[in-house]
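Below is one structure, written out as C-alpha cells; the observations come after it.
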Amino acid sequence: MAKTPVIKAINLSKTFKLSKDNEVIALHSVSFEIYSGELICFFGPSGCGKSTLLSMLAGLQPPTSGEVIVRGKNLATLKKKELAEYRRSKIGMVFQQFNLIISMNVLENIALPMAFGGMKRKRRMQRAEHLLEVVDLGDKKKSVPANLSGGQQQRIAIARSLINNPWIIMADEPTGNLDSKSADDVMKLLISLSRKSKRTVILITHNPDYLQYVDRIFRMKDGRVDKIEVNAKTAKVELIDAVSKLDKLKSDKEEASEEDEPIFTSEISKIEAEKKEVMSGKAGKSKEKEEKNNETD
Amino acid sequence: MKLIDIFRIAAGNLKRNRLRTVLTVSGVVVGVGAIVFLVSLGFGLQKLALDKIVRLEALKVITVTSGSKTESQLNAGIAEEFEKISGVSAVSPITRNIVSFKIGNTETEQVVYGVKPEFLDMENLKISTGQAFSSKDAKNEMIISKEILTNFGLNQDSILGKDIDYTYAISGGENKGTLKVVGLFDEKGVYAPFDAISGNNESYASVKVKVADKVNVPEVKKTIESMGYNTSVIQDQSAAVNQVFSIINIVLGGFGMIAFFVAAIGIFNTMTISLLERTHEIGVMKAIGGNSKDIAMIFITESALIGFLGGIFGLSVGWLLGGLLNLLVNFMATESGGEAVSLFAIPLVFGILTIFFSFLVSTVAGIWPARRAAKLNPLEALRYE
C-alpha cells in the first residue's frame with residue numbers, strides 16, 4: 001500500500017458531551033481513504049453523522065479520537081493559523097445555505113478566500129470574473145446575493161470554493177435548498193468539476209437521485225460507514241479496465257505517482273478491506289442522533 | 001489579509017447598517033463635540049484674559065529697578081550699557097519726581113514720571129483724548145490721567161492745550177517751568193518728556209528695557225540680573241493665568257468626557273450587537289479560510305472607524321457651535337456698545353488630539369467584541385442563525 005490517498009481517515013470518532021453523564025456518539029471509529037480525482041458521496045439519513053464527518057475532514061472541529069490525514073499531513077498537528085490556511089487554499093467548502101456574505105457583491109464574495117490570503121485586489125477580481133464565467137453567471141458581476149436565485153447563489157458559492165484552486169471540494173447538501181431544476185444545474189457543475197479537472201469532490205446528500213453520477217458511495221448509518229459502493233456506471237470504462245488489469249495494476253501502483261495515478265486502480269482491493277472493517281465494526285452502540293447534539297450546541 | 005481589504009470589509013459593514021452606524025457615530029459626535037465646545041470656551045477665555053492683561057508688546061518689556069546694593073544705581077551710564085546687550089531694541093529710563101502744579105490759585109502735588117516717547121508704546125498707553133507727545137524732542141508737554149482732572153478743578157475740554165506752571169525740588173534748588181497738557185488717558189499717573197522733567201536727576205526710578213524678540217526675554221533678563229539689578233516681566237503673571245485656565249480647561253474637558261464615556265459605551269454596545277448579528281457570517285468566513293486575526297481586525301477597524309468619523313464630525317460640530325454662540329454674544333455685545341471678542345479658540349494640536357483620542361478610545365471599545373469574534377468556534381458559528 002504505497003499509494004498515498006488525498007484524504008485518509010483513521011478510526012475517526014466523535015463524541016458530544018451533552019452534560020456530565022450524557023454523551024452522544026456521533027461517529028464510531030470510521031476509517032476510509034479517498035483518492036485524487038474521485039467524486040465521493042456520503043449518503044445516509046439525517047443524523048447519521050455525515051456532516052460531523054465532513055466538518056472534521058475540513059478541519060472545522062477535531063475528532064474525539066482518530067486522525068484525518070490530508071496528503072500526508074495530520075490535521076491535528078496544524079496550528080490554528082495553518083488550519084485556516086488549509087481551509088482557505090486546500091479545500092473549498094459549499095454549504096446547503098450557500099452562505100454568501102450579504103454585504104458583498106458577487107465578485108467580492110467569490111474573491112473573499114483570496115483576500116484572506118492577502119492577494120492583490122486586481123488579481124483576485126480577475127480570477128473571480130473568470131470563475132463567474134465558469135459557473136455561467138458572467139452577467140451578474142455587480143449583483144448582490146440578495147438579488148440572485150438560490151441556484152445562482154449556490155453557483156456563486158461553488159465559484160468561491162474554487163478561487164484558490166483547492167485539491168478538494170467539500171459540498172454539504174449543496175442542493176438541499178434548491179428546486180429540482182437548480183439542483184440539477186448545481187450537480188452538473190459539481191460533476192463537471194470533478195470530471196474536467198482531477199479535483200476530488202466530496203458530496204453529502206440524502207437525495208438518491210444523484211448517486212448515479214458519483215464514483216463511490218459511502219453509505220452511512222448511525223455514525224458508521226455501512227457500505228462503500230463503487231458506481232459501475234460512472235466508473236465504467238476505468239473500472240472495467242481496472243478490474244481486467246487488476247493484477248497488472250497491483251504491481252504498477254507501487255510506482256504510481258500521487259498526482260497522476262488513475263482513480264480506481266487501488267479501489268477494488270481497498271473496498272474489500274473496508275467492507276470487512278465496516279462489517280466487523282463494533283456494532284450496537286448508541287444510536288442517538290447527531291441532530292440531538294446540534295440542537296443542544 | 002491586507003489592511004486595505006480589512007478596511008474595505010469594515011467600511012462595507014458600517015454601510016450595511018447605515019442607521020445604526022449613524023446613531024453610534026452621533027453618540028461620539030455629541031461626546032467629542034461637548035469636549036471641543038467646552039474646552040475651546042476655556043481656551044478662548046484664557047486667550048481673552050491674556051490678551052487683556054498682557055499685550056503682545058508688553059511681553060517684550062523688562063522693568064529694571066535698582067538692586068539692593070548701593071553701587072547698583074540706575075543712571076544714564078547703566079541705561080547705555082543695557083542698550084548694548086544683544087537683543088535689546090529700546091531702553092527707556094523713567095524718573096519719578098513729586099511735582100507741584102499751580103493753576104490760578106489751585107496748587108496740587110503729583111507724582112510725575114519722566115519718560116521717553118517710546119515708553120508710551122512699551123506700556124501700550126492709549127491716549128483717549130488729545131494726542132501723545134507731539135515729537136521725539138518735545139519738551140514742554142505732558143499727558144495726564146483723567147482721574148486727576150478734578151484735582152485741577154477742570155474738565156476735559158478746558159485742560160487740553162493749557163500751560164501749567166510747575167516746580168519740583170532737585171538737589172540744591174528747584175526746577176521751574178510750564179508744561180502744556182496735550183493728551184489725556186484712562187490709566188493713572190502723569191507723564192512728561194524725560195528731558196523736561198528729569199532735570200539733573202542722578203538716578204532713575206526704573207528703566208524699561210524692550211527686547212526685540214520675545215524669545216530672548218529670559219536671556220536678557222538674566223544678563224541684567226547678573227549686573228545686580230532687579231527685574232520683573234509681565235510674563236510671570238501670564239504664567240499664573242495659564243495655570244488657572246489649565247485647571248478650568250481640565251474641569252470643562254471633564255464634563256465633556258462624561259458625554260464621551262457614554263459614547264464609548266455606545267460603540268461597545270453596537271459592536272457587541274454586531275457580533276451577535278454576524279456570528280453566522282463569521283462562521284462562514286472562518287470556514288472558507290479567514291483566520292482569527294483578520295476577523296478580529298475587521299471588528300476593531302469598524303469601531304476605530306466609528307471613533308474616527310465621530311472625532312472629525314464632533315470637532316466640526318463643537319467648532320460650529322462655538323462659532324454660532326460667539327456670533328450671538330458679539331451681536332448682543334455690539335448692540336449694547338461693547339467690544340466684539342472671540343470667546344472660543346481651538347488650538348490645532350488640541351483639535352488633532354481630540355480626533356486621535358476619539359479614535360483611540362473607540363478602538364479600545366472594540367477590542368472585547370473583536371476578541372470574542374476571533375474566538376468563535378467556526379462550526380458553532382455556522383449553525384448560529
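Going through the C-alpha cells in order, the chains are called A, B, and so on, while each chain numbers its residues from 1 and the ligands are numbered from 1 in the order shown.
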For the contact check between chain A and chain B, emit one row per residue of chain A within 8 Å, containing the shortest atom pair and the distance in Å rounded to one decimal, counting only C-alpha atoms, chain then rising number order, as CSV.
```
residue,atom,partner,partner_atom,distance
A:Ser55,CA,B:Leu379,CA,7.7
A:Leu60,CA,B:Leu379,CA,6.0
A:Gln61,CA,B:Leu379,CA,7.0
A:Lys80,CA,B:Asn291,CA,7.9
A:Lys81,CA,B:Asn291,CA,6.2
A:Ala84,CA,B:Gly289,CA,4.7
A:Glu85,CA,B:Gly289,CA,5.9
A:Tyr86,CA,B:Gly289,CA,7.2
A:Arg87,CA,B:Gly289,CA,4.8
A:Arg88,CA,B:Gly289,CA,3.7
A:Ser89,CA,B:Gly289,CA,7.5
A:Gly92,CA,B:Ile288,CA,7.0
A:Met93,CA,B:Ile288,CA,6.5
A:Asn99,CA,B:Val284,CA,6.4
A:Leu100,CA,B:Val284,CA,7.9
A:Ile101,CA,B:Glu281,CA,6.5
A:Ser103,CA,B:Arg16,CA,6.3
A:Met104,CA,B:Gly12,CA,7.6
A:Pro113,CA,B:Gly289,CA,6.1
A:Ala115,CA,B:Met1,CA,5.9
A:Phe116,CA,B:Met1,CA,4.6
A:Gly117,CA,B:Met1,CA,5.7
A:Gly118,CA,B:Met1,CA,4.1
A:Met119,CA,B:Met1,CA,7.6
A:Ser161,CA,B:Ile288,CA,7.7
A:Asp297,CA,B:Glu380,CA,7.2
```
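Near B:Phe194, within a cut-off of 9 Å and counting only C-alpha atoms, sit the residues B:Ser92, B:Pro93, B:Ile94, B:Thr95, B:Tyr113, B:Gly114, B:Val115, B:Lys116, B:Pro117, B:Lys139, B:Tyr191, B:Ile197, B:Ser198, B:Gly199, with same-chain residues fewer than 3 positions away left out.
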Calculated over only C-alpha atoms, which of the candidates B:Lys210, B:Lys136, B:Arg20, B:Lys102 has the smallest distance to B:Thr178? B:Lys102
Which of stretch 28-241 of chain B counts as alpha helix (DSSP H) under DSSP, as a ChimeraX atom specification please? /B:28-53,76-84,117-122,149-152,156-159,194-197,217-226,235-241
Would you mind reading off the distance between atom CA of B:Leu74 and atom CA of B:Asn216, one decimal, in Å?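 Going from atom CA of B:Leu74 over to atom CA of B:Asn216, I get 22.1 Å.
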Write out as a short mmCIF file (atom, residue, chain, number, x, y, z; two decimals) with N, CA and C atoms, in the first residue's frame the residues lying within 6 Å of A:Val106, counting only C-alpha atoms and excluding same-chain residues fewer than 4 positions away.
```
data_model
loop_
_atom_site.label_atom_id
_atom_site.label_comp_id
_atom_site.auth_asym_id
_atom_site.auth_seq_id
_atom_site.Cartn_x
_atom_site.Cartn_y
_atom_site.Cartn_z
N LYS A 141 -21.93 40.17 -12.48
CA LYS A 141 -20.77 40.68 -11.76
C LYS A 141 -21.11 41.59 -10.58
N SER A 143 -24.04 42.09 -9.14
CA SER A 143 -25.20 41.75 -8.31
C SER A 143 -24.80 41.48 -6.88
N VAL A 144 -25.74 41.66 -5.99
CA VAL A 144 -25.52 41.23 -4.60
C VAL A 144 -26.33 39.96 -4.39
#
```
For stretch 38-45 of chain A, work out the shell of residues within 7 Å, counting only C-alpha atoms and skipping chain neighbours fewer than 5 positions away, then give it as number ranges by chain. A: 50, 194, 200-206, 214-221, 263
Residues near B:Ala49, anyone? I mean within 12 Å using only C-alpha atoms, not counting same-chain ones fewer than 5 positions away, as a list in words.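 Surrounding residues, per the criterion: Gly42, Phe43, Gly44, Val54, Arg55, Gln237, Ser238, Ala239, Ala240, Val241, Asn242, Val244, Phe245, Val341, Ser342 and Leu343 of chain B.
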Tell me, which residues of stretch 96-255 of chain A carry DSSP strand (DSSP E), written as a PyMOL selection string? chain A and resi 168-172+200-205+216-221+224-230
Take the residues from that selection and write them out as a compact mmCIF listing (two decimals), in the first residue's frame, keeping N, CA and C atoms.
```txt
# COMPACT_ATOMS: atom_id res chain seq x y z
N ILE A 168 -9.49 19.78 -2.98
CA ILE A 168 -10.71 19.06 -2.63
C ILE A 168 -11.87 20.04 -2.53
N ILE A 169 -13.01 19.64 -3.09
CA ILE A 169 -14.23 20.41 -2.88
C ILE A 169 -15.11 19.61 -1.93
N MET A 170 -15.59 20.26 -0.87
CA MET A 170 -16.50 19.58 0.03
C MET A 170 -17.84 20.27 -0.03
N ALA A 171 -18.86 19.53 -0.38
CA ALA A 171 -20.18 20.13 -0.53
C ALA A 171 -21.16 19.40 0.38
N ASP A 172 -21.70 20.15 1.32
CA ASP A 172 -22.61 19.56 2.31
C ASP A 172 -24.05 19.88 1.90
N THR A 200 -10.73 16.38 -6.37
CA THR A 200 -11.53 15.48 -5.57
C THR A 200 -12.77 16.21 -5.10
N VAL A 201 -13.93 15.60 -5.27
CA VAL A 201 -15.15 16.23 -4.81
C VAL A 201 -15.83 15.30 -3.81
N ILE A 202 -16.10 15.83 -2.64
CA ILE A 202 -16.81 15.06 -1.62
C ILE A 202 -18.18 15.69 -1.43
N LEU A 203 -19.17 14.87 -1.57
CA LEU A 203 -20.53 15.38 -1.60
C LEU A 203 -21.31 14.72 -0.48
N ILE A 204 -22.15 15.50 0.18
CA ILE A 204 -23.06 14.92 1.14
C ILE A 204 -24.46 15.14 0.61
N THR A 205 -25.24 14.10 0.63
CA THR A 205 -26.61 14.28 0.16
C THR A 205 -27.50 13.22 0.79
N ARG A 216 -17.99 6.77 -6.04
CA ARG A 216 -18.15 5.83 -4.91
C ARG A 216 -19.17 6.40 -3.93
N ILE A 217 -19.94 5.54 -3.38
CA ILE A 217 -20.95 5.94 -2.41
C ILE A 217 -20.56 5.36 -1.06
N PHE A 218 -20.43 6.27 -0.10
CA PHE A 218 -20.19 5.82 1.28
C PHE A 218 -21.53 5.86 1.97
N ARG A 219 -22.13 4.72 2.15
CA ARG A 219 -23.45 4.70 2.80
C ARG A 219 -23.25 4.76 4.31
N MET A 220 -23.86 5.74 4.92
CA MET A 220 -23.66 5.92 6.36
C MET A 220 -24.94 5.67 7.11
N LYS A 221 -24.76 5.16 8.30
CA LYS A 221 -25.92 4.90 9.15
C LYS A 221 -25.44 4.90 10.59
N ARG A 224 -21.75 5.30 11.39
CA ARG A 224 -20.80 4.35 10.80
C ARG A 224 -20.90 4.40 9.29
N VAL A 225 -19.79 4.09 8.62
CA VAL A 225 -19.87 3.89 7.18
C VAL A 225 -20.28 2.45 6.99
N ASP A 226 -21.52 2.28 6.56
CA ASP A 226 -22.12 0.96 6.47
C ASP A 226 -21.52 0.16 5.32
N LYS A 227 -21.38 0.87 4.19
CA LYS A 227 -21.07 0.16 2.96
C LYS A 227 -20.40 1.15 2.02
N ILE A 228 -19.40 0.70 1.30
CA ILE A 228 -18.83 1.54 0.27
C ILE A 228 -19.11 0.90 -1.07
N GLU A 229 -19.82 1.62 -1.93
CA GLU A 229 -20.18 1.05 -3.22
C GLU A 229 -19.43 1.76 -4.33
N VAL A 230 -18.98 0.97 -5.27
CA VAL A 230 -18.37 1.56 -6.46
C VAL A 230 -19.47 1.66 -7.50
```
Please provide the set of residues having any atom within 8 Å of stretch 51-54 of chain A, restricted to only C-alpha atoms, with same-chain residues fewer than 2 positions apart removed, written as a PDB file with N, CA, C and O atoms, in the first residue's frame.
```pdb
ATOM      1  N   LYS A  14     -16.338  10.679  17.055  1.00  0.00           N
ATOM      2  CA  LYS A  14     -16.718  11.974  17.638  1.00  0.00           C
ATOM      3  C   LYS A  14     -17.802  11.741  18.680  1.00  0.00           C
ATOM      4  O   LYS A  14     -18.817  11.101  18.409  1.00  0.00           O
ATOM      5  N   ALA A  26     -21.447  10.470  17.873  1.00  0.00           N
ATOM      6  CA  ALA A  26     -21.898  10.826  16.529  1.00  0.00           C
ATOM      7  C   ALA A  26     -21.202   9.997  15.472  1.00  0.00           C
ATOM      8  O   ALA A  26     -21.757   9.724  14.420  1.00  0.00           O
ATOM      9  N   LEU A  27     -19.973   9.630  15.745  1.00  0.00           N
ATOM     10  CA  LEU A  27     -19.219   8.810  14.796  1.00  0.00           C
ATOM     11  C   LEU A  27     -18.497   7.685  15.542  1.00  0.00           C
ATOM     12  O   LEU A  27     -17.901   7.926  16.588  1.00  0.00           O
ATOM     13  N   GLY A  49     -24.395  11.272  10.896  1.00  0.00           N
ATOM     14  CA  GLY A  49     -23.027  11.684  11.207  1.00  0.00           C
ATOM     15  C   GLY A  49     -22.243  12.173  10.004  1.00  0.00           C
ATOM     16  O   GLY A  49     -21.057  12.468  10.108  1.00  0.00           O
ATOM     17  N   MET A  56     -15.021  17.452  10.176  1.00  0.00           N
ATOM     18  CA  MET A  56     -13.701  17.050  10.679  1.00  0.00           C
ATOM     19  C   MET A  56     -12.696  16.953   9.534  1.00  0.00           C
ATOM     20  O   MET A  56     -11.528  17.288   9.690  1.00  0.00           O
ATOM     21  N   LEU A  57     -13.177  16.504   8.381  1.00  0.00           N
ATOM     22  CA  LEU A  57     -12.277  16.467   7.206  1.00  0.00           C
ATOM     23  C   LEU A  57     -11.862  17.885   6.823  1.00  0.00           C
ATOM     24  O   LEU A  57     -10.760  18.117   6.342  1.00  0.00           O
ATOM     25  N   ALA A  58     -12.782  18.846   7.063  1.00  0.00           N
ATOM     26  CA  ALA A  58     -12.497  20.230   6.703  1.00  0.00           C
ATOM     27  C   ALA A  58     -11.713  20.951   7.800  1.00  0.00           C
ATOM     28  O   ALA A  58     -11.390  22.127   7.669  1.00  0.00           O
ATOM     29  N   MET A 170     -15.588  20.262  -0.874  1.00  0.00           N
ATOM     30  CA  MET A 170     -16.498  19.577   0.033  1.00  0.00           C
ATOM     31  C   MET A 170     -17.844  20.274  -0.028  1.00  0.00           C
ATOM     32  O   MET A 170     -17.934  21.457   0.241  1.00  0.00           O
ATOM     33  N   ASP A 172     -21.702  20.152   1.323  1.00  0.00           N
ATOM     34  CA  ASP A 172     -22.610  19.564   2.308  1.00  0.00           C
ATOM     35  C   ASP A 172     -24.055  19.876   1.898  1.00  0.00           C
ATOM     36  O   ASP A 172     -24.510  20.993   2.052  1.00  0.00           O
ATOM     37  N   ILE A 204     -22.146  15.503   0.175  1.00  0.00           N
ATOM     38  CA  ILE A 204     -23.064  14.918   1.143  1.00  0.00           C
ATOM     39  C   ILE A 204     -24.459  15.138   0.609  1.00  0.00           C
ATOM     40  O   ILE A 204     -24.789  16.232   0.155  1.00  0.00           O
ATOM     41  N   GLU A 290     -27.201  12.581  15.652  1.00  0.00           N
ATOM     42  CA  GLU A 290     -26.319  13.746  15.672  1.00  0.00           C
ATOM     43  C   GLU A 290     -27.133  15.021  15.873  1.00  0.00           C
ATOM     44  O   GLU A 290     -26.718  15.948  16.539  1.00  0.00           O
TER      45      GLU A 290
END
```
Spatial neighbours of stretch 33-37 of chain B, 7 Å, only C-alpha atoms, chain gap at least 2 places, as a list in words: Val29, Val30, Gly31, Val39, Ser40, Leu41, Gly253, Gly256, Met257, Gly314, Leu315, Val317, Gly318, Trp319, Leu321 and Gly322 of chain B
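Between atom CA of B:Asp186 and atom CA of B:Val209 the interatomic distance comes to 23.6 Å.
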Between atom CA of A:Thr77 and atom CA of A:Thr4, what is the distance in Å, rounded to a tenth? 18.4 Å
